[in-house]
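S.K.: My questions all concern the structure below.
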Amino acid sequence: MIERRRLTVQGTVQGVGFRPFVYRLATDLGTGGWIVNSSQGVVIEVEASTPTLDTFVARLQGELPPHASICDFNIQTIPLQGDHGFYIHHSNSNGVKSALILPDLAACPDCLRDISDPTNRRYRYPFTNCTNCGPRFSIILALPYDRPNTTMRGFTMCADCQAEYENPLNRRFHAQPNACPKCGPHLTLWDRSGRVMETRDGALQAAGDALRSGSIVAVKGLGGFHLMVDARNSDAVAMLRTRKGRYEKPLAVMFPSLEQVKDNCEINAAEQRLLTSSEAPIVLLRYRGGDIAPEVAPGNPYMGALLPYTPLHHLLLNDLGFPVVATSGNLSGEPICTDEIESLAKLGKIADLFLVHDRPIARHVDDSVVCVAMGEVLTLRRARGYAPLPIDIPADKQSYIAVGAHQKNTTALLHNKHSFISQHLGDMESIETFDVFKQTLADFQNLYESTPSTIICDLHPDYVTTQYAEQSGLPVLRVQHHYAHVLSCMAEHQLKHPVLGIAWDGTGYGTDGTIWGSEFLLVEDQDFTRVAHLRPFPLPGGDTASREPRRSLLGLLYAMYGDDLPRQRLQFAPHELNLLLVALKKGINTPLTSSMGRLFDAVAALAGLQQQCSFEGQTAMALEYATLRSDTDECYPYKITPITNTHHADRGIIEWKPILAAILNESNPALISAKFHNTLAMIVVEVAQQVGIPQVALTGGCFQNRVLLERCITGLRAAGFTPYWQQHIPPNDGGIALGQIAAALREGSDVFSSSGQAD
Ligand code: ZN
Ligand code: ZN
Ligand code: FE
């Protein structure tokens with residue numbers, strides 16, 4: 001019997017060689033019909049005998065191309081049309097936009113072969129790509145993903161490229177950014193004034209020469225600029241730091257090959273898989289010592305390593321043969337530059353030369369940063385290679401927009417059941433970052449032609465993102481910061497309540513108006529209960545304390561000893577200390593906090609590791625890394641007031657006084673750090689036991705600390721709990737936007753409206 005079926009396929013099915021794959025399959029089986037890319041995904045109609053159609057459907061699902069995946073598959077039987085042959089139709093852009101936009105993919109082995117073969121017409125061509133690799137998110141302007149909707153629209157394909165593009169059996173069939181030296185983008189090398197020094201391959205080679213001689217080169221890559229400098233050259237790296245005003249924060253290093261990574265760093269199988277994946281993120285690796293200048297990551301036992309991921313980076317690094325620093329091409333606190341004219345103005349005082357090209361970047365996409373914890377990926381910054389793939393949480397057809405938090409901001413759009421999370425945007429400290437934030441919100445709504453019904457923000461009234469939401473004119477839902485952290489973790493793992501969420505971070509606005517940060521939240525039907533947290537302590541100077549760990553220590557010691565505090569353990573000038581003590585006594589600008597991040601700061605200050613810091617997370621890192629020098633399993637004494645009833649206000653208060661009192665008698669930073677981490681893991685297990693909920697979610701910026709994370713997971717498992725932690729979505733505030741979407745879905749759920757007991 002002859003039948004005709006219409007298949008609607010959603011998922012990552014555009015820009016991954018899906019249509020040529022279907023074409024080959026249909027031709028193979030001799031079915032008639034057609035395939036078209038639409039804004040809803042891919043639509044296929046096939047006509048053949050019933051068994052042939054069954055085979056077609058089975059092979060379609062079973063033999064997908066490497067980067068394709070199907071998340072929704074619908075089959076209808078429709079009337080016969082009797083067509084012969086199988087065709088690929090032009091895309092149509094009508095209807096609800098729900099096709100998935102693919103992230104940028106690292107150059108594939110076939111393309112790398114093309115550019116290294118002197119007989120190939122793409123020999124040494126830096127913009128080589130195919131349907132299995134190349135730019136996507138960084139060049140797309142609108143859906144569906146077709147060349148006129150990308151920043152490649154200004155380049156007309158030559159006859160050879162056009163023939164590849166139209167041949168369903170070619171690897172470049174409908175590869176939208178397809179290009180060659182004859183018809184595609186080209187490199188130019190500029191000096192600081194924008195004067196052309198060299199073009200094409202000459203530009204690439206001259207940039208290499210400049211790097212070899214210790215110059216700083218700004219390189220326009222895939223989703224923005226890098227600042228590059230020879231990573232082995234101490235003077236050159238120091239000059240980059242001085243010019244950028246970035247004195248201590250570690251710099252990422254791009255190595256020419258995996259072998260060279262291995263010469264410098266320890267690397268396990270999971271780390272190697274991430275490093276060589278088509279997402280090609282920066283991977284934090286244990287630095288073993290090699291030829292990298294100490295200025296790259298001063299005093300840091302880890303190194304952020306990455307491999308070349310575009311043909312341009314491959315060619316450059318291959319020519320050089322040595323690793324280069326590849327740090328974001330931005331001014332401190334601003335987003336990375338994406339435009340070459342802008343880069344001259346912004347980076348003109350930092351870079352000596354500018355290696356640029358004429359393929360516009362549609363939006364900035366930073367390098368992603370990951371590490372491995374418990375053998376699994378732990379995402380610290382989610383951008384290139386991962387964004388904007390969605391996380392799917394059960395949802396109807398609602399459309400919501402979430403503005404995220406303040407630091408490490410990302411936004412999210414719930415549209416057609418997908419939660420699209422933006423690429424990392426940065427801290428909302430500068431006008432430039434705030435502009436990018438606004439553009440990104442508009443960008444996602446435009447791409448998907450979505451009109452959200454609600455905007456979701458943090459509870460913090462002073463966040464610019466909150467203020468933006470309030471002025472948007474949409475109904476606003478405010479979500480408590482740590483609740484959003486926990487829901488983010490639950491969403492990532494599709495967890496159903498009840499869950500004991502442990503959200504530890506630097507700061508988050510609490511429902512009582514104080515600064516929270518060591519929260520144990522019991523998430524039940526439609527709301528949460530704060531079941532335990534650190535005893536609150538005063539923070540002299542409020543937000544200033546996050547840059548000065550010694551202030552947290554002062555607040556804690558003052559709470560313990562009043563005026564009799566051990567002054568010799570506090571590294572302040574005497575008059576400074578007296579002023580702060582007066583402020584503490586009078587309660588001037590000394591807000592109460594239960595922040596775990598600030599407790600970490602105080603312990604680091606007490607251990608003599610860090611009194612002041614120049615970048616966020618520096619203190620926690622110092623403490624984490626100090627544990628590497630001790631293998632003790634000892635703990636400090638601690639006390640938790642019993643949690644008598646999780647539904648009343650009898651919360652567990654975690655007393656830090658015994659911990660600090662014990663540390664005051666010790667002086668070995670490694671021992672202090674290790675014992676402190678062990679103590680926190682014990683506290684986590686004890687609270688979990690008191691609450692008695694099997695599912696425990698660990699989240700918040702403190703859980704970027706692998707030693708803390710792994711000790712808590714191990715402890716919880718040993719005690720019979722099932723711990724979950726964030727892997728693909730950052731545990732830091734980059735995960736908040738997803739949690740905000742999840743909160744809105746809980747608010748809107750049937751459970752909520754039928755029971756109506758939320759308080
Ligand atoms: Zn390729
Ligand atoms: Zn061409
Ligand atoms: Fe947070």
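We name chains A, B, ... following the order of the structure tokens; residues begin at 1 in each chain, and ligands are numbered from 1 as shown.
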Could you list the protein, DNA and RNA residues that have any atom within 8 Å of ligand 2, counting only C-alpha atoms and all ligand atoms, and write them as JSON, numbers by chain?
M.R.: {"A": [157, 158, 159, 160, 161, 162, 178, 179, 180, 181, 182, 183, 184]}
S.K.: Which residues are near ligand 3 - at most 7 Å, using only C-alpha atoms and all ligand atoms? Format: as a list in words.
M.R.: His481, His482, His485, Asp505, Gly506, Thr507, Gly508, Gly700, Gly701, Asn732 and Asp733 of chain A
S.K.: Could you take the residues named above and write them with C-alpha atoms, as an mmCIF file, in the first residue's frame?
M.R.:
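Final output, saved to out_2.cif:
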data_model
loop_
_atom_site.group_PDB
_atom_site.id
_atom_site.type_symbol
_atom_site.label_atom_id
_atom_site.label_comp_id
_atom_site.auth_asym_id
_atom_site.auth_seq_id
_atom_site.Cartn_x
_atom_site.Cartn_y
_atom_site.Cartn_z
ATOM 1 C CA HIS A 481 17.514 35.120 44.525
ATOM 2 C CA HIS A 482 18.346 31.838 46.283
ATOM 3 C CA HIS A 485 19.268 29.356 42.265
ATOM 4 C CA ASP A 505 26.759 32.580 47.439
ATOM 5 C CA GLY A 506 27.997 36.089 48.096
ATOM 6 C CA THR A 507 24.796 38.074 48.278
ATOM 7 C CA GLY A 508 21.129 37.848 47.504
ATOM 8 C CA GLY A 700 25.002 29.189 44.190
ATOM 9 C CA GLY A 701 28.388 30.712 43.408
ATOM 10 C CA ASN A 732 26.694 31.200 39.878
ATOM 11 C CA ASP A 733 24.316 34.029 38.998
#
S.K.: Using only C-alpha atoms and all ligand atoms, which protein or nucleic acid residues are at most 7 Å from ligand 1, as a list in words?
M.R.: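 Listing the residues within 7 Å of ligand 1 gives Ala107, Cys108, Pro109, Asp110, Cys111, Asn129, Cys130, Thr131, Asn132, Cys133 and Gly134 of chain A.
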S.K.: Go ahead and write the selection's residues with all heavy atoms as a compact mmCIF listing (two decimals), in the first residue's frame.
M.R.:
# COMPACT_ATOMS: atom_id res chain seq x y z
N ALA A 107 35.82 24.22 14.18
CA ALA A 107 36.17 23.70 12.86
C ALA A 107 36.26 22.17 12.90
O ALA A 107 36.82 21.61 13.85
CB ALA A 107 37.50 24.29 12.41
N CYS A 108 35.71 21.50 11.89
CA CYS A 108 35.71 20.04 11.88
C CYS A 108 36.98 19.51 11.21
O CYS A 108 37.68 20.25 10.50
CB CYS A 108 34.46 19.53 11.18
SG CYS A 108 34.52 19.68 9.39
N PRO A 109 37.31 18.24 11.42
CA PRO A 109 38.54 17.66 10.85
C PRO A 109 38.59 17.78 9.33
O PRO A 109 39.67 18.04 8.77
CB PRO A 109 38.48 16.19 11.28
CG PRO A 109 37.59 16.17 12.48
CD PRO A 109 36.60 17.27 12.28
N ASP A 110 37.43 17.63 8.65
CA ASP A 110 37.44 17.74 7.18
C ASP A 110 37.86 19.13 6.73
O ASP A 110 38.64 19.28 5.80
CB ASP A 110 36.04 17.42 6.62
CG ASP A 110 35.70 15.94 6.77
OD1 ASP A 110 36.65 15.12 6.74
OD2 ASP A 110 34.51 15.61 6.92
N CYS A 111 37.31 20.15 7.39
CA CYS A 111 37.67 21.52 7.01
C CYS A 111 39.14 21.81 7.33
O CYS A 111 39.81 22.53 6.59
CB CYS A 111 36.75 22.52 7.71
SG CYS A 111 35.09 22.53 6.97
N ASN A 129 34.34 26.58 6.28
CA ASN A 129 33.37 25.91 7.15
C ASN A 129 32.55 24.94 6.32
O ASN A 129 32.68 24.91 5.10
CB ASN A 129 32.47 26.94 7.84
CG ASN A 129 31.64 27.70 6.83
OD1 ASN A 129 30.60 27.24 6.38
ND2 ASN A 129 32.12 28.88 6.42
N CYS A 130 31.70 24.17 6.98
CA CYS A 130 30.80 23.27 6.26
C CYS A 130 29.57 23.05 7.14
O CYS A 130 29.44 23.68 8.18
CB CYS A 130 31.50 21.96 5.91
SG CYS A 130 31.78 20.87 7.32
N THR A 131 28.68 22.13 6.73
CA THR A 131 27.46 21.97 7.55
C THR A 131 27.76 21.33 8.89
O THR A 131 26.92 21.32 9.78
CB THR A 131 26.39 21.12 6.83
OG1 THR A 131 27.01 19.94 6.36
CG2 THR A 131 25.75 21.87 5.69
N ASN A 132 28.96 20.78 9.07
CA ASN A 132 29.29 20.16 10.35
C ASN A 132 30.02 21.11 11.29
O ASN A 132 30.35 20.73 12.41
CB ASN A 132 30.15 18.93 10.13
CG ASN A 132 29.40 17.87 9.34
OD1 ASN A 132 28.22 17.65 9.58
ND2 ASN A 132 30.07 17.26 8.39
N CYS A 133 30.33 22.31 10.83
CA CYS A 133 31.12 23.19 11.67
C CYS A 133 30.95 24.65 11.25
O CYS A 133 30.34 24.93 10.23
CB CYS A 133 32.60 22.80 11.59
SG CYS A 133 33.41 23.30 10.06
N GLY A 134 31.51 25.53 12.06
CA GLY A 134 31.53 26.94 11.68
C GLY A 134 30.57 27.80 12.48
O GLY A 134 29.94 27.35 13.43
S.K.: For Gln727 (chain A), which of A:Leu344, A:Leu378, A:Ile683, A:Met596 is the closest residue, counting only C-alpha atoms?
M.R.: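 With only C-alpha atoms as the atom set, the closest residue is A:Leu378.
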S.K.: Nearest to Leu353 (chain A): which of A:Asp396, A:Ser278, A:Ser193, A:Arg246 is it, counting only C-alpha atoms?
M.R.: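 Ranked by minimum distance to Leu353 (chain A), first place goes to A:Ser193.
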S.K.: Excluding Glu63 (chain A) and residues on its chain fewer than 5 positions from it, collect all residues at most 12 Å away from it, counting only C-alpha atoms, and give them as a ChimeraX atom specification.
M.R.: /A:18,21-22,24-25,55-58,68-70
S.K.: Hey, what's within 9 Å of region 267-269 of chain A if we count only C-alpha atoms and toss same-chain stuff fewer than 5 positions away? As an NGL selection string, please?
M.R.: :A and (261-262 or 274 or 285-286 or 375)
S.K.: Next, dump the selected residues to file, keeping only C-alpha atoms, as a PDB file, in the first residue's frame.
M.R.:
ATOM      1  CA  VAL A 261      48.351  21.288  26.669  1.00  0.00           C
ATOM      2  CA  LYS A 262      49.543  17.975  28.059  1.00  0.00           C
ATOM      3  CA  LEU A 274      35.661  18.919  26.711  1.00  0.00           C
ATOM      4  CA  LEU A 285      43.247  22.371  34.215  1.00  0.00           C
ATOM      5  CA  ARG A 286      45.794  21.689  36.926  1.00  0.00           C
ATOM      6  CA  GLY A 375      33.945  13.452  36.619  1.00  0.00           C
TER       7      GLY A 375
END
